[in-house]
Structures are given as C-alpha cells and as structure tokens.
>>> print(open('input10.cif').read())   # mmCIF, C-alpha atoms and all ligand atoms
data_input
loop_
_atom_site.label_atom_id
_atom_site.label_comp_id
_atom_site.auth_asym_id
_atom_site.auth_seq_id
_atom_site.Cartn_x
_atom_site.Cartn_y
_atom_site.Cartn_z
CA MET A 1 0.00 0.00 0.00
CA HIS A 2 1.43 3.37 -1.02
CA VAL A 3 0.34 6.26 1.15
CA ILE A 4 0.67 9.72 -0.43
CA ALA A 5 0.03 12.92 1.54
CA LEU A 6 -0.78 16.22 -0.19
CA SER A 7 0.57 18.85 2.12
CA ASN A 8 1.51 22.52 2.15
CA GLN A 9 0.77 24.96 4.92
CA LYS A 10 -0.09 27.59 2.36
CA GLY A 11 -3.80 27.77 1.60
CA GLY A 12 -5.23 27.41 -1.89
CA CYS A 13 -2.21 25.92 -3.63
CA GLY A 14 -4.04 22.91 -5.09
CA LYS A 15 -3.80 20.22 -2.38
CA THR A 16 -7.45 19.22 -2.54
CA THR A 17 -7.73 19.47 -6.32
CA THR A 18 -4.66 17.27 -6.66
CA ALA A 19 -5.86 14.80 -3.99
CA ILE A 20 -9.23 14.31 -5.72
CA ASN A 21 -7.92 14.10 -9.26
CA LEU A 22 -4.78 12.11 -8.58
CA ALA A 23 -6.95 9.60 -6.69
CA ALA A 24 -9.53 9.46 -9.48
CA SER A 25 -6.83 9.11 -12.15
CA LEU A 26 -5.05 6.29 -10.31
CA ALA A 27 -8.43 4.57 -9.91
CA SER A 28 -9.10 4.95 -13.64
CA LEU A 29 -5.79 3.21 -14.31
CA GLY A 30 -7.11 0.24 -12.37
CA LYS A 31 -5.47 0.96 -9.02
CA ARG A 32 -7.65 0.44 -5.97
CA THR A 33 -7.50 3.84 -4.31
CA LEU A 34 -8.74 5.38 -1.08
CA LEU A 35 -8.95 9.17 -0.69
CA MET A 36 -8.96 10.41 2.91
CA ASP A 37 -10.17 13.92 3.62
CA LEU A 38 -8.22 15.16 6.64
CA ASP A 39 -9.29 18.79 6.38
CA PRO A 40 -12.11 19.95 8.71
CA GLN A 41 -13.23 22.23 5.85
CA ALA A 42 -14.17 18.98 4.02
CA HIS A 43 -13.47 20.38 0.55
CA ALA A 44 -12.40 16.99 -0.84
CA SER A 45 -15.63 15.45 0.44
CA PHE A 46 -17.69 18.26 -1.16
CA GLY A 47 -15.63 18.00 -4.33
CA LEU A 48 -16.78 14.40 -4.66
CA GLY A 49 -20.40 15.17 -3.91
CA MET A 50 -20.42 14.28 -0.18
CA ARG A 51 -22.21 17.17 1.47
CA GLY A 52 -21.82 17.62 5.22
CA ASP A 53 -25.41 16.64 5.98
CA LYS A 54 -24.91 13.34 4.19
CA VAL A 55 -21.94 12.41 6.36
CA GLU A 56 -22.97 10.11 9.15
CA ALA A 57 -19.56 9.06 10.37
CA SER A 58 -16.24 10.52 9.30
CA VAL A 59 -12.53 10.19 9.85
CA TYR A 60 -13.21 12.03 13.12
CA ASN A 61 -14.97 8.94 14.53
CA VAL A 62 -11.94 6.83 13.61
CA LEU A 63 -9.31 9.13 15.12
CA THR A 64 -11.15 10.43 18.18
CA ASP A 65 -10.00 9.58 21.67
CA GLN A 66 -13.20 10.52 23.43
CA GLU A 67 -14.70 7.99 25.76
CA GLY A 68 -17.42 5.97 24.12
CA LYS A 69 -16.83 7.47 20.68
CA ARG A 70 -14.01 5.28 19.43
CA LYS A 71 -16.32 2.64 18.07
CA TYR A 72 -15.55 3.07 14.41
CA PHE A 73 -13.04 1.20 12.33
CA LEU A 74 -11.79 2.80 9.14
CA GLU A 75 -13.93 0.30 7.19
CA ASP A 76 -17.08 1.66 8.84
CA VAL A 77 -16.67 5.18 7.45
CA ILE A 78 -15.59 4.36 3.88
CA VAL A 79 -17.94 5.57 1.13
CA PRO A 80 -17.68 4.12 -2.39
CA ILE A 81 -17.41 6.87 -5.07
CA GLU A 82 -16.45 5.35 -8.41
CA THR A 83 -15.08 2.03 -9.61
CA GLN A 84 -11.84 1.46 -7.65
CA LEU A 85 -12.22 4.77 -5.77
CA ASP A 86 -13.42 5.09 -2.17
CA LEU A 87 -13.60 8.10 0.13
CA VAL A 88 -13.23 8.62 3.85
CA PRO A 89 -15.12 11.88 4.41
CA SER A 90 -14.21 14.64 6.81
CA HIS A 91 -16.36 16.49 9.31
CA ILE A 92 -16.15 19.90 10.94
CA LEU A 93 -15.66 18.10 14.30
CA LEU A 94 -12.16 17.27 13.10
CA SER A 95 -11.18 20.84 13.94
CA THR A 96 -11.46 20.01 17.65
CA ILE A 97 -9.58 16.73 17.63
CA GLU A 98 -6.16 18.08 18.57
CA GLN A 99 -7.46 19.15 21.97
CA GLU A 100 -8.57 15.61 22.78
CA PHE A 101 -5.05 14.28 22.99
CA THR A 102 -2.89 14.92 26.01
CA ASN A 103 -0.12 12.52 25.08
CA LYS A 104 0.97 14.15 21.83
CA ASP A 105 3.77 11.70 21.05
CA GLU A 106 1.50 8.70 21.01
CA SER A 107 -1.28 10.47 19.12
CA VAL A 108 0.98 11.14 16.14
CA SER A 109 0.66 7.56 14.91
CA ARG A 110 -3.10 7.38 15.19
CA LEU A 111 -3.79 7.50 11.46
CA ARG A 112 -0.97 5.12 10.65
CA GLU A 113 -2.45 2.59 13.07
CA ALA A 114 -5.90 2.98 11.56
CA LEU A 115 -4.49 2.32 8.07
CA GLY A 116 -2.58 -0.67 9.41
CA SER A 117 -5.82 -2.14 10.73
CA LEU A 118 -7.57 -2.13 7.31
CA SER A 119 -8.61 -5.67 6.56
CA PHE A 120 -8.64 -5.19 2.79
CA PRO A 121 -5.73 -3.56 1.03
CA TYR A 122 -5.68 -0.52 -1.23
CA GLN A 123 -2.89 0.03 -3.71
CA PHE A 124 -2.92 3.78 -3.04
CA VAL A 125 -4.13 5.89 -0.15
CA ILE A 126 -4.23 9.64 -0.84
CA LEU A 127 -4.35 12.01 2.15
CA ASP A 128 -5.67 15.55 1.71
CA CYS A 129 -4.17 17.69 4.50
CA PRO A 130 -5.45 20.98 5.93
CA PRO A 131 -3.46 24.20 5.34
CA SER A 132 -1.77 24.03 8.75
CA LEU A 133 0.94 22.02 10.41
CA GLY A 134 -0.94 20.62 13.42
CA PHE A 135 -2.04 17.20 14.63
CA LEU A 136 -3.75 16.19 11.39
CA THR A 137 -0.84 17.03 9.10
CA PHE A 138 1.63 15.41 11.49
CA ASN A 139 -0.48 12.24 11.48
CA ALA A 140 -0.60 12.32 7.68
CA LEU A 141 3.18 12.77 7.34
CA ARG A 142 3.72 9.94 9.81
CA ALA A 143 1.45 7.64 7.80
CA ALA A 144 2.80 8.62 4.37
CA ASP A 145 5.64 7.05 2.43
CA THR A 146 5.41 9.89 -0.12
CA VAL A 147 4.61 13.57 0.39
CA ILE A 148 3.60 15.72 -2.59
CA VAL A 149 3.85 19.47 -1.99
CA PRO A 150 1.71 21.38 -4.49
CA ILE A 151 3.20 24.78 -5.20
CA GLU A 152 1.25 27.50 -6.89
CA LEU A 153 3.84 29.07 -9.12
CA SER A 154 2.43 32.58 -9.21
CA SER A 155 2.71 33.11 -5.47
CA PHE A 156 5.47 30.79 -4.42
CA SER A 157 6.98 31.35 -1.03
CA LEU A 158 9.71 29.21 0.43
CA MET A 159 8.81 30.14 3.98
CA GLY A 160 5.83 27.83 4.39
CA VAL A 161 7.60 25.02 2.60
CA SER A 162 10.64 25.12 4.84
CA LYS A 163 8.45 24.66 7.93
CA LEU A 164 6.92 21.58 6.35
CA LEU A 165 10.37 20.24 5.53
CA SER A 166 11.46 20.79 9.16
CA MET A 167 8.45 18.86 10.34
CA ILE A 168 9.42 15.96 8.09
CA GLU A 169 12.98 16.20 9.41
CA LEU A 170 11.60 15.93 12.95
CA LEU A 171 9.83 12.70 12.00
CA ARG A 172 13.10 11.33 10.68
CA VAL A 173 15.01 12.15 13.82
CA LYS A 174 12.34 11.16 16.34
CA MET A 175 10.72 8.20 14.61
CA GLN A 176 13.17 7.12 11.91
CA HIS A 177 10.39 7.78 9.43
CA THR A 178 11.55 9.23 6.10
CA PRO A 179 8.88 9.79 3.50
CA LYS A 180 10.03 10.81 0.04
CA VAL A 181 9.11 14.43 -0.73
CA TYR A 182 8.21 15.85 -4.16
CA ALA A 183 7.27 19.35 -5.27
CA LEU A 184 4.43 19.72 -7.79
CA PRO A 185 3.98 23.00 -9.71
CA THR A 186 0.25 23.80 -9.90
CA MET A 187 -1.96 26.40 -11.59
CA VAL A 188 0.74 26.95 -14.15
CA ASP A 189 -0.23 29.65 -16.62
CA MET A 190 1.55 29.02 -19.90
CA ARG A 191 1.00 32.60 -21.04
CA THR A 192 3.21 34.04 -18.34
CA ARG A 193 6.83 33.07 -18.61
CA PHE A 194 7.58 29.98 -16.58
CA SER A 195 10.01 31.68 -14.36
CA LYS A 196 13.43 30.11 -14.22
CA HIS A 197 14.02 32.04 -11.05
CA ILE A 198 11.12 30.38 -9.24
CA LEU A 199 12.05 26.97 -10.51
CA GLY A 200 15.54 27.60 -9.18
CA GLU A 201 14.07 28.44 -5.77
CA ILE A 202 12.05 25.24 -5.75
CA GLN A 203 15.11 23.25 -6.69
CA ARG A 204 16.96 24.76 -3.77
CA ALA A 205 14.36 23.28 -1.45
CA PHE A 206 13.60 20.00 -3.21
CA GLY A 207 16.68 19.12 -5.22
CA GLU A 208 15.78 16.82 -8.08
CA ASN A 209 12.51 15.83 -6.48
CA ILE A 210 10.16 17.86 -8.63
CA LEU A 211 7.30 16.22 -10.48
CA SER A 212 7.73 17.19 -14.08
CA SER A 213 4.06 17.03 -15.13
CA PRO A 214 2.84 20.47 -14.11
CA VAL A 215 -0.88 21.11 -13.64
CA ARG A 216 -2.09 23.96 -15.82
CA GLN A 217 -4.59 26.58 -14.78
CA THR A 218 -8.02 25.82 -16.24
CA VAL A 219 -11.63 26.77 -15.45
CA VAL A 220 -12.82 23.18 -15.72
CA VAL A 221 -11.34 22.56 -12.24
CA ARG A 222 -13.84 24.86 -10.55
CA GLU A 223 -16.71 23.61 -12.70
CA SER A 224 -16.08 19.96 -11.85
CA GLN A 225 -15.77 20.76 -8.13
CA ALA A 226 -19.03 22.68 -8.14
CA LYS A 227 -20.69 19.59 -9.63
CA GLY A 228 -19.10 17.30 -7.04
CA ARG A 229 -17.22 15.25 -9.62
CA SER A 230 -13.63 14.39 -10.47
CA LEU A 231 -12.28 15.93 -13.68
CA LEU A 232 -12.24 12.54 -15.38
CA SER A 233 -15.88 11.87 -14.66
CA TYR A 234 -16.94 15.49 -15.40
CA ASP A 235 -15.09 15.92 -18.71
CA LYS A 236 -12.53 13.30 -19.50
CA LYS A 237 -11.25 15.14 -22.57
CA SER A 238 -10.56 18.39 -20.70
CA LYS A 239 -7.13 19.90 -20.22
CA GLY A 240 -7.41 19.37 -16.46
CA ALA A 241 -8.32 15.68 -16.76
CA MET A 242 -5.36 15.17 -19.14
CA ASP A 243 -2.90 16.92 -16.84
CA TYR A 244 -3.89 14.78 -13.88
CA LEU A 245 -3.82 11.59 -15.92
CA ILE A 246 -0.26 12.36 -17.04
CA LEU A 247 0.68 13.25 -13.47
CA SER A 248 -0.72 9.96 -12.17
CA GLN A 249 1.40 8.10 -14.72
CA GLU A 250 4.47 9.93 -13.53
CA VAL A 251 3.57 9.15 -9.93
CA LEU A 252 3.15 5.50 -10.83
CA SER A 253 6.50 5.32 -12.55
CA LYS A 254 8.30 7.25 -9.78
CA ILE A 255 6.84 5.65 -6.71
CA ALA A 256 5.19 2.39 -7.66
CA ASN A 257 8.53 0.66 -7.35
CA ALA A 258 9.57 2.53 -4.22
CA PRO A 259 9.29 0.65 -0.94
CA GLU A 260 5.73 0.52 0.29
CA THR A 261 4.59 1.29 3.79
CA GLN A 262 5.06 -1.89 5.75
CA TYR A 263 3.01 -2.55 8.81
CA GLU A 264 5.57 -4.85 10.45
CA ASN A 265 3.76 -4.80 13.70
CA PRO A 266 0.27 -3.55 12.97
CA ARG A 267 -1.20 -2.38 16.21
CA ARG A 268 -4.80 -3.18 15.53
CA PHE A 269 -7.48 -1.82 17.77
CA GLU A 270 -8.32 -4.23 20.54
CA PRO A 271 -11.22 -6.19 19.12
CA VAL A 272 -14.33 -5.14 20.98
CA PRO A 273 -17.03 -7.80 21.31
CA GLY A 274 -20.31 -6.86 19.71
CA SER A 275 -21.19 -5.41 16.33
CA LEU A 276 -22.47 -2.39 14.46
CA ARG A 277 -26.15 -2.68 13.72
CA ASP A 278 -28.12 -0.67 11.19
CA PHE A 279 -31.48 0.64 12.36
CA ILE A 280 -33.85 1.82 9.64
CA PHE A 281 -37.19 3.55 10.03
CA LYS A 282 -39.52 4.61 7.22
CA THR A 283 -41.93 7.46 7.78
CA GLN A 284 -43.09 10.38 5.65
CA GLY A 285 -43.18 13.95 6.93
CA ALA A 286 -41.42 13.43 10.28
CA ARG A 287 -39.24 16.22 11.59
CA GLU A 288 -37.13 14.18 13.98
CA VAL A 289 -36.66 10.49 14.63
CA HIS A 290 -34.74 9.13 17.63
CA LEU A 291 -33.64 5.64 18.57
CA VAL A 292 -33.71 4.89 22.30
CA GLY A 293 -33.07 1.69 24.20
CA ASP A 294 -31.19 0.17 27.09
CA PHE A 295 -27.94 0.79 25.13
CA ASN A 296 -28.36 4.58 25.52
CA HIS A 297 -30.35 4.49 28.78
CA TRP A 298 -33.54 5.37 26.88
CA ARG A 299 -32.29 8.93 26.67
CA ILE A 300 -33.34 11.26 23.86
CA SER A 301 -30.40 13.46 22.88
CA ASN A 302 -28.38 14.54 19.87
CA ASP A 303 -26.69 11.15 19.99
CA SER A 304 -29.98 9.28 19.59
CA LEU A 305 -31.00 11.16 16.42
CA LEU A 306 -31.44 9.20 13.19
CA TRP A 307 -30.10 10.59 9.96
CA GLN A 308 -32.45 11.10 7.01
CA LYS A 309 -30.74 9.22 4.23
CA GLU A 310 -33.38 10.17 1.69
CA GLU A 311 -36.92 11.51 1.92
CA GLY A 312 -38.80 9.31 4.40
CA LEU A 313 -35.90 6.94 5.09
CA TRP A 314 -34.20 7.34 8.46
CA GLN A 315 -31.13 5.48 9.51
CA LYS A 316 -28.70 5.05 12.35
CA LYS A 317 -25.75 2.78 13.00
CA VAL A 318 -25.24 1.78 16.63
CA PHE A 319 -22.52 -0.35 18.15
CA LEU A 320 -24.17 -2.98 20.36
CA GLU A 321 -22.49 -5.23 22.88
CA PRO A 322 -23.36 -8.93 22.89
CA GLY A 323 -26.68 -9.78 24.54
CA ARG A 324 -30.32 -8.79 24.23
CA HIS A 325 -31.31 -5.17 23.81
CA ARG A 326 -34.71 -3.48 24.10
CA TYR A 327 -35.43 -0.41 21.99
CA LYS A 328 -38.03 1.89 20.46
CA PHE A 329 -38.18 4.71 17.94
CA VAL A 330 -39.47 8.16 18.89
CA ILE A 331 -41.04 10.06 15.98
CA ASP A 332 -41.70 13.71 16.80
CA GLY A 333 -42.36 12.72 20.41
CA GLN A 334 -44.41 9.57 19.64
CA TRP A 335 -42.93 6.32 20.95
CA THR A 336 -43.31 3.26 18.74
CA THR A 337 -41.88 -0.23 18.28
CA ASP A 338 -39.90 -1.17 15.17
CA PRO A 339 -42.38 -2.15 12.39
CA SER A 340 -39.68 -4.10 10.55
CA ASN A 341 -38.92 -6.33 13.56
CA ASP A 342 -41.33 -9.05 14.76
CA ARG A 343 -39.58 -9.62 18.04
CA LEU A 344 -41.54 -7.77 20.71
CA GLU A 345 -41.69 -8.18 24.45
CA PRO A 346 -43.92 -6.64 27.10
CA ASN A 347 -42.29 -4.04 29.33
CA PRO A 348 -43.14 -3.32 32.99
CA TYR A 349 -45.22 -0.31 31.96
CA GLY A 350 -47.83 -2.37 30.09
CA GLY A 351 -46.40 -1.56 26.61
CA LEU A 352 -44.17 -3.42 24.20
CA ASP A 353 -40.48 -3.01 23.30
CA SER A 354 -38.66 -4.25 20.20
CA ILE A 355 -35.87 -6.72 20.86
CA VAL A 356 -32.56 -7.21 19.11
CA GLU A 357 -30.08 -9.92 19.98
CA ILE A 358 -26.32 -9.63 19.33
CA GLU A 359 -24.05 -12.70 19.48
N1 LIG B 1 -5.36 23.81 -12.06
C1 LIG B 1 -6.25 24.69 -11.61
N2 LIG B 1 -6.82 25.59 -12.43
C2 LIG B 1 -7.70 26.49 -11.98
N3 LIG B 1 -8.13 26.58 -10.71
C3 LIG B 1 -7.62 25.71 -9.83
C4 LIG B 1 -6.65 24.72 -10.21
N4 LIG B 1 -6.34 23.99 -9.12
C5 LIG B 1 -7.06 24.51 -8.11
N5 LIG B 1 -7.83 25.53 -8.51
C6 LIG B 1 -8.76 26.33 -7.70
O1 LIG B 1 -7.99 27.00 -6.71
C7 LIG B 1 -8.67 26.97 -5.46
C8 LIG B 1 -7.78 26.31 -4.42
O2 LIG B 1 -7.52 24.98 -4.80
P1 LIG B 1 -7.55 23.79 -3.75
O3 LIG B 1 -8.80 23.81 -2.96
O4 LIG B 1 -7.23 22.55 -4.47
O5 LIG B 1 -6.34 24.23 -2.83
P2 LIG B 1 -5.96 23.72 -1.36
O6 LIG B 1 -4.49 23.79 -1.26
O7 LIG B 1 -6.59 22.41 -1.09
O8 LIG B 1 -6.64 24.82 -0.46
P3 LIG B 1 -6.77 24.79 1.16
O9 LIG B 1 -5.42 25.12 1.66
O10 LIG B 1 -7.80 25.80 1.49
O11 LIG B 1 -7.19 23.39 1.52
C9 LIG B 1 -9.96 26.22 -5.69
O12 LIG B 1 -11.00 27.15 -5.87
C10 LIG B 1 -9.74 25.44 -6.96
O13 LIG B 1 -10.94 25.27 -7.69
MG MG B 2 -7.80 21.83 0.55
#
>>> encode(input="input10.cif", output="structure tokens", more="lines below")
Ligand SMILES: Nc1ncnc2c1ncn2[C@@H]1O[C@H](COP(=O)(O)OP(=O)(O)OP(=O)(O)O)[C@@H](O)[C@H]1O
Ligand SMILES: [Mg+2]
Amino acid sequence: MHVIALSNQKGGCGKTTTAINLAASLASLGKRTLLMDLDPQAHASFGLGMRGDKVEASVYNVLTDQEGKRKYFLEDVIVPIETQLDLVPSHILLSTIEQEFTNKDESVSRLREALGSLSFPYQFVILDCPPSLGFLTFNALRAADTVIVPIELSSFSLMGVSKLLSMIELLRVKMQHTPKVYALPTMVDMRTRFSKHILGEIQRAFGENILSSPVRQTVVVRESQAKGRSLLSYDKKSKGAMDYLILSQEVLSKIANAPETQYENPRRFEPVPGSLRDFIFKTQGAREVHLVGDFNHWRISNDSLLWQKEEGLWQKKVFLEPGRHRYKFVIDGQWTTDPSNDRLEPNPYGGLDSIVEIE
C-alpha cells in the first residue's frame, strides 16, 4: 500500500484538487485507491459530492480519543465513489480533535495505526491535508511514504515550505520515518513566462525531487468541483483531466517501485465484542426520529437522532455489545416499536419493546 500525503501549509495551492484528481486518475488506471479527507473544511468530500449533511460518520470517529466514541473502524466510514475509488469523508468536528489528545507523542501515529488495521488492502491511499501544520498534518506525514507538496507558481513562497520540511525532518530524527518528498507546480499559466528564477528556488528546497508534469490553470477545475465530480468523470477530454492523468502516470513510474509502507507490527485496535447494527425507520413527513433503548439508557439526545438518508428513510448505525437489547423509535415525540422487527416483548409499563439480539 502506497500512502501519499498532499501537504503545504499555504492555503489554496491545489492540495485538494490534486488529492481528488490524482486519486480518481489512479483509480481509472485500475489501481484500488482510497482518498482520505483530513481537512475539517471537508473540501475533498464536497468535491466528490459528499455534502456535510450526508456524512454520518467521518474520519473524526476513527481518530477520536473521546470515551465511548471510538467505536468506528476505518472500514465503517468508507464511502464508495467510483469504480476502484473510495472516500473517507471529513467532518467539521475534526477541527477540535487536537485538543482531545494529552499525550501528543503517542497520538501522532493514530492515522498510521488505523491504516494498518484495514482488513482489505488498497494500492494507493491519498491524504488531503489541511493548510496548517498541526495534529492532522503530522499524522498524515507519519502515515505517508510519499509527500507531494503542491506549489502554486504565481505566489510561491519558500517560507511555508521550509516549515513543512522541518516537520518531516523531525519525523526522521524522532521516529526514523523518512517519507520521500516531491514538489508539484500547480496552476501553471503558460501565457506568463515559466520563471526560471522560481524553478531555481524550488530546486533549492527540493533538489531533483520535482514532479515534471505540471498542472495547468483551467476553469474546468472549478466547474467539476461545483458539480461534485472528479475531472475525469466530469469531462474526460478536458485539459485538467489530461494533466492529472499524465501526473498519475508519472507518480506511478516514480513511486510504484519505491518501498511501500510496511506494517511490520500492525497495532490493531483491541477487538471489541459486539457489532455495528443498522437501524432503519420509514416514515413520511417526520421532523425528527430518535432511537432509544437500554444501550443509551432510553435517553433522547443529539446522539440518539437518526439521519435522514433520503426523503422518508431514516437510519442510524449503533454499536451494540453482545446480549439482548430493548429499543423503540421516537417520531416527533411519539414512541413506537420497530415495524420491521417481529420480536416484541412486554415491558413493565404495560407496553411493548422491540428486541434485538447480538451474538
Ligand atoms: N489547475 C487549476 N486551475 C484552476 N483553478 C484551480 C486549479 N487547481 C485549483 N484551482 C482552484 O484554486 C482553489 C484552491 O484549490 P484547492 O482547494 O485545491 O487548494 P488547497 O491547497 O486544497 O486549499 P486549502 O489550503 O484551502 O485546503 C480552488 O477554488 C480550486 O478550484
Ligand atoms: Mg484543501
């Protein structure tokens, strides 16, 4: 499994655009690819049509350290997008995650461990980092065997880049982890002279490690993102789709033979007995549907809310421990048993509860 992080502290240099379209291009070349959105702004998720209100569980639920919330494996939050391309969406909650960790040293390998616990392999994992050098970027750099640094040529500044390179150096010294780092010129405008001076500056920082398939500036990028599609699926003959296809071929030839990330000693999560169970409730015109039962102390709260997957179809995934559980749905204040489940039992209050049994 090759893990590639798109990182640069500078905002708007093409990290997300490259993450989406490199992932989609690799997938189109037959490589099984996973794109992980590690930016709380969730632009990569939006760019592939995953709007915030459609996201039930995100990479936050996988990385979180909060009591009772670490019930999700990476597999549980993966959303299929296109043939060979899957997405792990982001969520605004991710912006608070850094504060959850007190032991910073240990928390740096959180993402790497989650990737190591995947039970089915991807050939490529692409990580879209936020424009900052905090917990999320550090986790991405720790998990990555390759780092691509998109650099917008028109406003190149070496300052931001040198901080990123120092962070990578820190990983080498502290954890003997040395990802390979490449610069990628983005938003190249062929009409302005491709400045030798700037290229010289980039070479000073990156040596020979510059990807030589630059990404040109083109309006189709914004159009495809507004439609929630990759360039290849939006307009496969466009200049943008071509540029990213050529880039993905260069990436394949440069790094496909490089050593892959090995999980010598994968520290899987302790297996927790029990399983995730999907609850589904169909009702038209409801404003709010909750799921309550002995597993959440029959308490109505934000955590008991179902998510409206489509008009009239409500859904919630709950992790249940082995044993028998009693539950009910609450639709705009009205308590009811589960119409799709025949197993009912009387409760002490003279009513009935639905029953689910987990091995
Ligand atoms: N090749 C391109 N041609 C034209 N516009 C582009 C190109 N690449 C990116 N853009 C546009 O530039 C803006 C910034 O790009 P993008 O979101 O990929 O950058 P980013 O580095 O991920 O930003 P942030 O740091 O905020 O996460 C977006 O509006 C995007 O549509
Ligand atoms: Mg971005």
>>> axis_aligned_box(input="input10.cif", around="ligand LIG 1 (chain B)", padding_each_side="6 Å", output="lines of an AutoDock Vina configuration file")
center_x = -7.7
center_y = 24.8
center_z = -5.4
size_x = 18.5
size_y = 16.7
size_z = 26.1
>>> residues_near_ligand(input="input10.cif", ligand="ligand LIG 1 (chain B)", cutoff="9 Å", atoms="all atoms listed in the file", output="number ranges by chain")
A: 6-20, 39, 41-44, 128-132, 150-152, 186-189, 215-226, 240, 243
>>> closest_residue(input="input10.cif", among="A:Glu250, A:Ser230, A:Ala140, A:Leu184", to="Ser45 (chain A)", atoms="all atoms listed in the file")
A:Ser230
>>> closest_residue(input="input10.cif", among="A:Thr283, A:Ser90, A:Gln66, A:Thr33", to="ligand MG 2 (chain B)", atoms="all atoms listed in the file")
A:Ser90
>>> atom_distance(input="input10.cif", atom1="CA of Ile4 (chain A)", atom2="CA of Glu208 (chain A)")
18.4 Å
>>> atom_distance(input="input10.cif", atom1="CA of Trp314 (chain A)", atom2="CA of Ser354 (chain A)")
17.1 Å
>>> residues_around(input="input10.cif", residues="Asp353 (chain A)", least_positions_apart="4", cutoff="7 Å", atoms="all atoms listed in the file", output="PyMOL selection string")
chain A and resi 326-328+337+344-347
>>> write_last_selection(input="input10.cif", atoms="C-alpha atoms", output="CSV table (one decimal), in the frame of the given file")
chain,number,residue,atom,x,y,z
A,326,ARG,CA,-34.7,-3.5,24.1
A,327,TYR,CA,-35.4,-0.4,22.0
A,328,LYS,CA,-38.0,1.9,20.5
A,337,THR,CA,-41.9,-0.2,18.3
A,344,LEU,CA,-41.5,-7.8,20.7
A,345,GLU,CA,-41.7,-8.2,24.4
A,346,PRO,CA,-43.9,-6.6,27.1
A,347,ASN,CA,-42.3,-4.0,29.3
>>> closest_residue(input="input10.cif", among="A:Phe279, A:Phe120, A:Tyr60, A:Trp307", to="Leu136 (chain A)", atoms="only C-alpha atoms")
A:Tyr60
>>> atom_distance(input="input10.cif", atom1="CA of Ser117 (chain A)", atom2="CA of Gln84 (chain A)")
19.7 Å
>>> closest_residue(input="input10.cif", among="A:Val289, A:Leu38, A:Leu320, A:Leu26", to="ligand MG 2 (chain B)", atoms="only C-alpha atoms and all ligand atoms")
A:Leu38
>>> residues_around(input="input10.cif", residues="Leu111 (chain A)", least_positions_apart="6", cutoff="7 Å", atoms="all atoms listed in the file", output="VMD selection string")
chain A and resid 63 139 to 140 143
>>> residues_around(input="input10.cif", residues="Leu34 (chain A)", least_positions_apart="4", cutoff="8 Å", atoms="all atoms listed in the file", output="ChimeraX atom specification")
/A:23,85-88,122,124-126
>>> closest_residue(input="input10.cif", among="A:Asp105, A:Asp235, A:Asp338, A:Asp37", to="ligand MG 2 (chain B)", atoms="all atoms listed in the file")
A:Asp37
>>> closest_residue(input="input10.cif", among="A:Met36, A:Val77, A:Val161, A:Val108", to="ligand MG 2 (chain B)", atoms="all atoms listed in the file")
A:Met36
>>> build_atoms(input="input10.cif", residues="region 11-29 of chain A", atoms="N, CA and C atoms", output="mmCIF file, in the frame of the given file")
data_model
loop_
_atom_site.group_PDB
_atom_site.id
_atom_site.type_symbol
_atom_site.label_atom_id
_atom_site.label_comp_id
_atom_site.auth_asym_id
_atom_site.auth_seq_id
_atom_site.Cartn_x
_atom_site.Cartn_y
_atom_site.Cartn_z
ATOM 1 N N GLY A 11 -2.438 28.070 2.060
ATOM 2 C CA GLY A 11 -3.800 27.770 1.600
ATOM 3 C C GLY A 11 -3.933 27.945 0.093
ATOM 4 N N GLY A 12 -4.851 27.208 -0.493
ATOM 5 C CA GLY A 12 -5.230 27.410 -1.890
ATOM 6 C C GLY A 12 -4.168 27.128 -2.923
ATOM 7 N N CYS A 13 -3.263 26.184 -2.654
ATOM 8 C CA CYS A 13 -2.210 25.920 -3.630
ATOM 9 C C CYS A 13 -2.503 24.687 -4.478
ATOM 10 N N GLY A 14 -3.662 24.055 -4.253
ATOM 11 C CA GLY A 14 -4.040 22.910 -5.090
ATOM 12 C C GLY A 14 -3.924 21.551 -4.422
ATOM 13 N N LYS A 15 -3.868 21.509 -3.086
ATOM 14 C CA LYS A 15 -3.800 20.220 -2.380
ATOM 15 C C LYS A 15 -5.037 19.374 -2.678
ATOM 16 N N THR A 16 -6.203 19.977 -2.422
ATOM 17 C CA THR A 16 -7.450 19.220 -2.540
ATOM 18 C C THR A 16 -7.726 18.822 -3.987
ATOM 19 N N THR A 17 -7.516 19.768 -4.906
ATOM 20 C CA THR A 17 -7.730 19.470 -6.320
ATOM 21 C C THR A 17 -6.841 18.306 -6.750
ATOM 22 N N THR A 18 -5.584 18.342 -6.290
ATOM 23 C CA THR A 18 -4.660 17.270 -6.660
ATOM 24 C C THR A 18 -5.062 15.955 -5.981
ATOM 25 N N ALA A 19 -5.471 16.031 -4.704
ATOM 26 C CA ALA A 19 -5.860 14.800 -3.990
ATOM 27 C C ALA A 19 -7.012 14.118 -4.726
ATOM 28 N N ILE A 20 -8.047 14.890 -5.052
ATOM 29 C CA ILE A 20 -9.230 14.310 -5.720
ATOM 30 C C ILE A 20 -8.841 13.722 -7.071
ATOM 31 N N ASN A 21 -8.120 14.512 -7.865
ATOM 32 C CA ASN A 21 -7.920 14.100 -9.260
ATOM 33 C C ASN A 21 -6.775 13.113 -9.449
ATOM 34 N N LEU A 22 -5.806 13.154 -8.549
ATOM 35 C CA LEU A 22 -4.780 12.110 -8.580
ATOM 36 C C LEU A 22 -5.432 10.782 -8.183
ATOM 37 N N ALA A 23 -6.265 10.832 -7.143
ATOM 38 C CA ALA A 23 -6.950 9.600 -6.690
ATOM 39 C C ALA A 23 -7.833 9.046 -7.808
ATOM 40 N N ALA A 24 -8.620 9.925 -8.434
ATOM 41 C CA ALA A 24 -9.530 9.460 -9.480
ATOM 42 C C ALA A 24 -8.749 8.927 -10.685
ATOM 43 N N SER A 25 -7.618 9.566 -11.006
ATOM 44 C CA SER A 25 -6.830 9.110 -12.150
ATOM 45 C C SER A 25 -6.176 7.754 -11.863
ATOM 46 N N LEU A 26 -5.648 7.592 -10.652
ATOM 47 C CA LEU A 26 -5.050 6.290 -10.310
ATOM 48 C C LEU A 26 -6.125 5.207 -10.370
ATOM 49 N N ALA A 27 -7.326 5.546 -9.870
ATOM 50 C CA ALA A 27 -8.430 4.570 -9.910
ATOM 51 C C ALA A 27 -8.768 4.203 -11.351
ATOM 52 N N SER A 28 -8.753 5.230 -12.235
ATOM 53 C CA SER A 28 -9.100 4.950 -13.640
ATOM 54 C C SER A 28 -8.048 4.081 -14.314
ATOM 55 N N LEU A 29 -6.842 4.084 -13.761
ATOM 56 C CA LEU A 29 -5.790 3.210 -14.310
ATOM 57 C C LEU A 29 -5.824 1.828 -13.655
#
